[in-house]
file coords_28.cif (mmCIF, C-alpha atoms)
data_final
loop_
_atom_site.label_atom_id
_atom_site.label_comp_id
_atom_site.auth_asym_id
_atom_site.auth_seq_id
_atom_site.Cartn_x
_atom_site.Cartn_y
_atom_site.Cartn_z
CA MET A 1 -66.53 86.17 -27.24
CA GLU A 2 -67.44 82.53 -27.84
CA GLN A 3 -67.26 80.96 -31.26
CA PRO A 4 -70.13 78.59 -32.03
CA ILE A 5 -68.78 75.18 -33.03
CA ASN A 6 -70.95 72.64 -34.82
CA PRO A 7 -69.78 69.24 -33.49
CA ALA A 8 -71.36 67.26 -36.34
CA ALA A 9 -69.52 69.25 -39.00
CA ALA A 10 -66.32 69.53 -36.96
CA ALA A 11 -65.53 65.85 -36.41
CA ASP A 12 -63.32 65.43 -39.50
CA GLN A 13 -62.07 68.99 -39.82
CA GLU A 14 -59.34 71.10 -38.35
CA GLN A 15 -60.72 73.62 -35.87
CA VAL A 16 -58.90 76.86 -35.04
CA VAL A 17 -60.28 78.72 -32.02
CA THR A 18 -59.27 82.29 -31.24
CA GLY A 19 -60.78 84.08 -28.28
CA GLY A 20 -62.83 81.30 -26.76
CA ALA A 21 -65.42 78.57 -27.22
CA GLY A 22 -67.55 76.15 -25.24
CA ASP A 23 -67.06 72.60 -26.52
CA VAL A 24 -64.89 71.83 -29.55
CA ILE A 25 -64.65 68.56 -31.47
CA GLY A 26 -62.31 67.96 -34.39
CA LYS A 27 -59.52 65.84 -35.76
CA LYS A 28 -57.02 68.61 -35.02
CA VAL A 29 -57.94 71.52 -32.74
CA THR A 30 -55.74 74.60 -32.31
CA VAL A 31 -56.47 77.13 -29.55
CA ASN A 32 -54.76 80.49 -30.08
CA GLY A 33 -55.39 82.60 -27.00
CA GLY A 34 -58.58 82.64 -24.98
CA SER A 35 -60.20 79.70 -23.28
CA VAL A 36 -62.15 76.64 -24.28
CA GLY A 37 -64.45 74.62 -22.05
CA SER A 38 -63.66 71.18 -23.44
CA VAL A 39 -61.89 69.65 -26.43
CA MET A 40 -62.23 66.20 -27.98
CA ALA A 41 -59.67 65.66 -30.72
CA GLU A 42 -56.96 63.45 -32.08
CA THR A 43 -54.46 66.34 -31.75
CA LEU A 44 -54.78 69.49 -29.61
CA VAL A 45 -52.40 72.45 -29.87
CA VAL A 46 -52.74 75.30 -27.34
CA ASN A 47 -50.86 78.58 -27.83
CA GLN A 48 -51.25 81.05 -24.95
CA GLY A 49 -54.66 79.73 -23.95
CA GLY A 50 -56.47 77.53 -21.53
CA VAL A 51 -58.69 74.47 -21.76
CA GLY A 52 -60.88 72.98 -19.05
CA GLU A 53 -61.10 69.34 -20.12
CA VAL A 54 -59.29 67.50 -22.90
CA LYS A 55 -59.66 64.06 -24.48
CA ALA A 56 -56.98 63.77 -27.15
CA THR A 57 -54.28 61.37 -28.31
CA ASN A 58 -51.63 64.11 -28.66
CA VAL A 59 -51.52 67.38 -26.72
CA GLU A 60 -49.07 70.24 -27.25
CA VAL A 61 -49.24 73.33 -25.01
CA ARG A 62 -47.12 76.49 -25.30
CA GLN A 63 -47.59 79.11 -22.59
CA GLY A 64 -50.98 77.77 -21.56
CA GLY A 65 -52.78 75.52 -19.18
CA ILE A 66 -55.19 72.63 -19.01
CA ARG A 67 -57.24 71.70 -15.97
CA ARG A 68 -57.76 68.00 -16.79
CA ALA A 69 -56.44 65.95 -19.71
CA GLU A 70 -56.92 62.39 -20.85
CA SER A 71 -54.09 61.82 -23.29
CA ASP A 72 -51.18 59.54 -24.14
CA VAL A 73 -48.58 62.02 -25.44
CA ILE A 74 -48.17 65.51 -23.98
CA GLN A 75 -45.63 68.20 -24.84
CA LEU A 76 -45.44 71.27 -22.61
CA GLU A 77 -43.48 74.49 -22.93
CA ASN A 78 -43.84 77.08 -20.14
CA SER A 79 -47.19 75.49 -19.31
CA GLY A 80 -49.05 73.44 -16.76
CA ILE A 81 -51.67 70.73 -16.46
CA GLY A 82 -53.65 69.96 -13.31
CA ILE A 83 -54.44 66.27 -13.84
CA VAL A 84 -53.26 63.95 -16.63
CA ARG A 85 -54.66 60.47 -17.11
CA GLY A 86 -53.98 57.81 -19.72
CA GLU A 87 -52.89 54.21 -20.26
CA THR A 88 -49.37 55.36 -21.09
CA VAL A 89 -48.67 59.00 -20.26
CA ALA A 90 -45.58 60.44 -21.95
CA VAL A 91 -44.81 64.03 -20.92
CA SER A 92 -41.93 66.05 -22.32
CA ALA A 93 -41.59 69.54 -20.98
CA THR A 94 -39.58 72.73 -20.70
CA ASN A 95 -40.22 74.94 -17.64
CA SER A 96 -43.53 73.18 -17.05
CA GLY A 97 -45.35 71.05 -14.55
CA VAL A 98 -48.10 68.56 -13.96
CA GLY A 99 -50.07 68.38 -10.72
CA ILE A 100 -51.15 64.73 -10.84
CA ALA A 101 -50.18 62.11 -13.44
CA ILE A 102 -52.14 58.84 -13.46
CA GLY A 103 -51.45 55.92 -15.79
CA ARG A 104 -50.18 52.39 -16.07
CA ARG A 105 -46.88 53.73 -17.47
CA ILE A 106 -45.69 57.29 -16.90
CA GLU A 107 -42.70 58.51 -18.90
CA VAL A 108 -41.53 62.02 -18.11
CA LYS A 109 -38.78 64.09 -19.66
CA GLY A 110 -37.94 67.40 -17.98
CA ALA A 111 -41.25 68.04 -16.19
CA LYS A 112 -42.07 68.57 -12.56
CA VAL A 113 -44.84 66.25 -11.34
CA THR A 114 -46.31 66.73 -7.87
CA ILE A 115 -48.03 63.34 -7.58
CA ALA A 116 -47.43 60.37 -9.89
CA VAL A 117 -49.58 57.23 -9.66
CA GLY A 118 -48.54 54.39 -11.96
CA GLN A 119 -47.07 50.92 -12.15
CA GLN A 120 -43.99 52.16 -14.03
CA ILE A 121 -42.60 55.67 -13.65
CA SER A 122 -39.50 56.52 -15.66
CA GLY A 123 -37.51 59.34 -17.17
CA ASP A 124 -36.00 62.62 -16.09
CA VAL A 125 -38.70 63.61 -13.63
CA THR A 126 -38.94 65.55 -10.40
CA ILE A 127 -41.73 63.96 -8.37
CA GLY A 128 -43.10 65.46 -5.19
CA PHE A 129 -45.06 62.30 -4.27
CA ASP A 130 -44.77 58.90 -5.87
CA MET A 131 -46.84 55.95 -4.66
CA ARG A 132 -44.35 55.01 -1.93
CA ALA A 133 -44.07 58.60 -0.62
CA ALA A 134 -47.86 58.96 -0.64
CA VAL A 135 -48.25 55.80 1.49
CA VAL A 136 -45.59 56.99 3.96
CA PHE A 137 -47.22 60.44 4.10
CA GLY A 138 -50.63 58.85 4.78
CA VAL A 139 -49.24 56.67 7.56
CA VAL A 140 -47.47 59.62 9.23
CA VAL A 141 -50.56 61.86 9.02
CA GLY A 142 -52.68 59.02 10.44
CA LEU A 143 -50.28 58.47 13.34
CA VAL A 144 -50.03 62.17 14.17
CA THR A 145 -53.81 62.59 14.02
CA GLY A 146 -54.30 59.55 16.24
CA LEU A 147 -51.75 60.80 18.78
CA LEU A 148 -53.34 64.25 18.90
CA ARG A 149 -56.80 62.76 19.46
CA ALA A 150 -55.42 60.45 22.17
CA LEU A 151 -53.70 63.38 23.93
CA ARG A 152 -56.87 65.47 23.75
CA GLY A 153 -58.88 62.59 25.26
CA TRP A 154 -56.22 61.97 27.95
CA ARG A 155 -56.32 65.64 29.07
CA ARG A 156 -60.11 65.55 29.42
CA GLY A 157 -60.18 62.29 31.35
#

call {"tool": "encode", "arguments": {"input": "coords_28.cif", "output": "structure tokens"}}
result
Amino acid sequence: MEQPINPAAAADQEQVVTGGAGDVIGKKVTVNGGSVGSVMAETLVVNQGGVGEVKATNVEVRQGGIRRAESDVIQLENSGIGIVRGETVAVSATNSGVGIAIGRRIEVKGAKVTIAVGQQISGDVTIGFDMRAAVVFGVVVGLVTGLLRALRGWRRG
């Protein structure tokens, strides 16, 4: 059941959402269970819940997930985030992961990141693809695709 949130009244208040809501705006937003469509806040805390889109300075997630976040500081515990973007992205995590991290500086402590795109990537991080690996992967896929097309054309001709 969705809670109606009045954005005009919520901007300077702390919002606590239990069960679910559409869009939530507040200085500090806490999601306890359920799901929220989007959150715009200075600080977001998620406990056993999910959020579609987030724009916040600080994000803390315990046993939850976020589809897309624009944030500078993220703390995860048994959680996951699909895409994180920010000028400086600092992720500290326990048993958690991030699909894609994009930022000028990416600092990771204990998280698994599938793809990291940034000028500086540092910390205790397990990265599936960094920029160099992504370029090599693209070149290899391009070469294999080109060879397969050439072989297919050679057989026909």

call {"tool": "residues_around", "arguments": {"input": "coords_28.cif", "residues": "A:Val89", "least_positions_apart": "2", "cutoff": "12 Å", "atoms": "all atoms listed in the file", "output": "JSON, numbers by chain"}}
result
{"A": [56, 57, 58, 59, 69, 70, 71, 72, 73, 74, 75, 83, 84, 85, 86, 87, 91, 92, 98, 100, 101, 102, 103, 104, 105, 106, 107, 108, 109, 116, 117, 118, 119, 120, 121, 122, 123]}

call {"tool": "residues_around", "arguments": {"input": "coords_28.cif", "residues": "A:Leu76", "least_positions_apart": "2", "cutoff": "8 Å", "atoms": "all atoms listed in the file", "output": "list of chain:residue names"}}
result
A:Glu60, A:Val61, A:Arg62, A:Ile74, A:Asn78, A:Ser79, A:Gly80, A:Val91, A:Ser92, A:Ala93, A:Thr94, A:Ser96

call {"tool": "write_last_selection", "arguments": {"input": "coords_28.cif", "atoms": "C-alpha atoms", "output": "compact mmCIF listing (two decimals), in the coordinates of the input"}}
result
# COMPACT_ATOMS: atom_id res chain seq x y z
CA GLU A 60 -49.07 70.24 -27.25
CA VAL A 61 -49.24 73.33 -25.01
CA ARG A 62 -47.12 76.49 -25.30
CA ILE A 74 -48.17 65.51 -23.98
CA ASN A 78 -43.84 77.08 -20.14
CA SER A 79 -47.19 75.49 -19.31
CA GLY A 80 -49.05 73.44 -16.76
CA VAL A 91 -44.81 64.03 -20.92
CA SER A 92 -41.93 66.05 -22.32
CA ALA A 93 -41.59 69.54 -20.98
CA THR A 94 -39.58 72.73 -20.70
CA SER A 96 -43.53 73.18 -17.05

call {"tool": "residues_near_point", "arguments": {"input": "coords_28.cif", "point": "(-59.3, 70.6, -35.2)", "cutoff": "9 Å", "atoms": "only C-alpha atoms", "output": "JSON, numbers by chain"}}
result
{"A": [10, 11, 12, 13, 14, 15, 16, 17, 24, 25, 26, 27, 28, 29, 30, 40, 41, 42, 43, 44, 45]}

call {"tool": "atom_distance", "arguments": {"input": "coords_28.cif", "atom1": "atom CA of A:Lys112", "atom2": "atom CA of A:Ile81"}}
result
10.6 Å

call {"tool": "atom_distance", "arguments": {"input": "coords_28.cif", "atom1": "atom CA of A:Asn32", "atom2": "atom CA of A:Gly19"}}
result
7.2 Å

call {"tool": "resolve_selection", "arguments": {"input": "coords_28.cif", "expression": "the PyMOL selection byres ((chain A and resi 51) around 6)", "output": "number ranges by chain"}}
result
A: 35-37, 50, 52-53, 66

call {"tool": "write_last_selection", "arguments": {"input": "coords_28.cif", "atoms": "C-alpha atoms", "output": "mmCIF file, in the coordinates of the input"}}
result
data_model
loop_
_atom_site.group_PDB
_atom_site.id
_atom_site.type_symbol
_atom_site.label_atom_id
_atom_site.label_comp_id
_atom_site.auth_asym_id
_atom_site.auth_seq_id
_atom_site.Cartn_x
_atom_site.Cartn_y
_atom_site.Cartn_z
ATOM 1 C CA SER A 35 -60.200 79.700 -23.280
ATOM 2 C CA VAL A 36 -62.150 76.640 -24.280
ATOM 3 C CA GLY A 37 -64.450 74.620 -22.050
ATOM 4 C CA GLY A 50 -56.470 77.530 -21.530
ATOM 5 C CA GLY A 52 -60.880 72.980 -19.050
ATOM 6 C CA GLU A 53 -61.100 69.340 -20.120
ATOM 7 C CA ILE A 66 -55.190 72.630 -19.010
#

call {"tool": "build_atoms", "arguments": {"input": "coords_28.cif", "residues": "stretch 53-68 of chain A", "atoms": "N, CA and C atoms", "output": "PDB file, in the frame of the given file"}}
result
ATOM      1  N   GLU A  53     -61.248  70.786 -20.028  1.00  0.00           N
ATOM      2  CA  GLU A  53     -61.100  69.340 -20.120  1.00  0.00           C
ATOM      3  C   GLU A  53     -60.705  68.937 -21.526  1.00  0.00           C
ATOM      4  N   VAL A  54     -59.810  67.939 -21.603  1.00  0.00           N
ATOM      5  CA  VAL A  54     -59.290  67.500 -22.900  1.00  0.00           C
ATOM      6  C   VAL A  54     -59.339  65.978 -22.983  1.00  0.00           C
ATOM      7  N   LYS A  55     -59.809  65.469 -24.123  1.00  0.00           N
ATOM      8  CA  LYS A  55     -59.660  64.060 -24.480  1.00  0.00           C
ATOM      9  C   LYS A  55     -59.018  64.065 -25.852  1.00  0.00           C
ATOM     10  N   ALA A  56     -57.726  63.723 -25.897  1.00  0.00           N
ATOM     11  CA  ALA A  56     -56.980  63.770 -27.150  1.00  0.00           C
ATOM     12  C   ALA A  56     -55.839  62.759 -27.087  1.00  0.00           C
ATOM     13  N   THR A  57     -55.418  62.289 -28.248  1.00  0.00           N
ATOM     14  CA  THR A  57     -54.280  61.370 -28.310  1.00  0.00           C
ATOM     15  C   THR A  57     -52.978  62.133 -28.095  1.00  0.00           C
ATOM     16  N   ASN A  58     -52.836  63.281 -28.767  1.00  0.00           N
ATOM     17  CA  ASN A  58     -51.630  64.110 -28.660  1.00  0.00           C
ATOM     18  C   ASN A  58     -52.015  65.507 -28.203  1.00  0.00           C
ATOM     19  N   VAL A  59     -51.278  66.035 -27.233  1.00  0.00           N
ATOM     20  CA  VAL A  59     -51.520  67.380 -26.720  1.00  0.00           C
ATOM     21  C   VAL A  59     -50.207  68.146 -26.718  1.00  0.00           C
ATOM     22  N   GLU A  60     -50.244  69.362 -27.236  1.00  0.00           N
ATOM     23  CA  GLU A  60     -49.070  70.240 -27.250  1.00  0.00           C
ATOM     24  C   GLU A  60     -49.513  71.598 -26.708  1.00  0.00           C
ATOM     25  N   VAL A  61     -48.854  72.078 -25.646  1.00  0.00           N
ATOM     26  CA  VAL A  61     -49.240  73.330 -25.010  1.00  0.00           C
ATOM     27  C   VAL A  61     -48.025  74.239 -24.896  1.00  0.00           C
ATOM     28  N   ARG A  62     -48.163  75.464 -25.423  1.00  0.00           N
ATOM     29  CA  ARG A  62     -47.120  76.490 -25.300  1.00  0.00           C
ATOM     30  C   ARG A  62     -47.707  77.676 -24.557  1.00  0.00           C
ATOM     31  N   GLN A  63     -47.159  77.986 -23.412  1.00  0.00           N
ATOM     32  CA  GLN A  63     -47.590  79.110 -22.590  1.00  0.00           C
ATOM     33  C   GLN A  63     -49.099  79.067 -22.341  1.00  0.00           C
ATOM     34  N   GLY A  64     -49.555  77.932 -21.833  1.00  0.00           N
ATOM     35  CA  GLY A  64     -50.980  77.770 -21.560  1.00  0.00           C
ATOM     36  C   GLY A  64     -51.198  76.798 -20.430  1.00  0.00           C
ATOM     37  N   GLY A  65     -52.459  76.450 -20.248  1.00  0.00           N
ATOM     38  CA  GLY A  65     -52.780  75.520 -19.180  1.00  0.00           C
ATOM     39  C   GLY A  65     -54.006  74.698 -19.499  1.00  0.00           C
ATOM     40  N   ILE A  66     -54.051  73.533 -18.882  1.00  0.00           N
ATOM     41  CA  ILE A  66     -55.190  72.630 -19.010  1.00  0.00           C
ATOM     42  C   ILE A  66     -55.534  72.138 -17.610  1.00  0.00           C
ATOM     43  N   ARG A  67     -56.815  72.169 -17.284  1.00  0.00           N
ATOM     44  CA  ARG A  67     -57.240  71.700 -15.970  1.00  0.00           C
ATOM     45  C   ARG A  67     -57.151  70.183 -15.868  1.00  0.00           C
ATOM     46  N   ARG A  68     -57.760  69.457 -16.834  1.00  0.00           N
ATOM     47  CA  ARG A  68     -57.760  68.000 -16.790  1.00  0.00           C
ATOM     48  C   ARG A  68     -57.619  67.453 -18.197  1.00  0.00           C
TER      49      ARG A  68
END
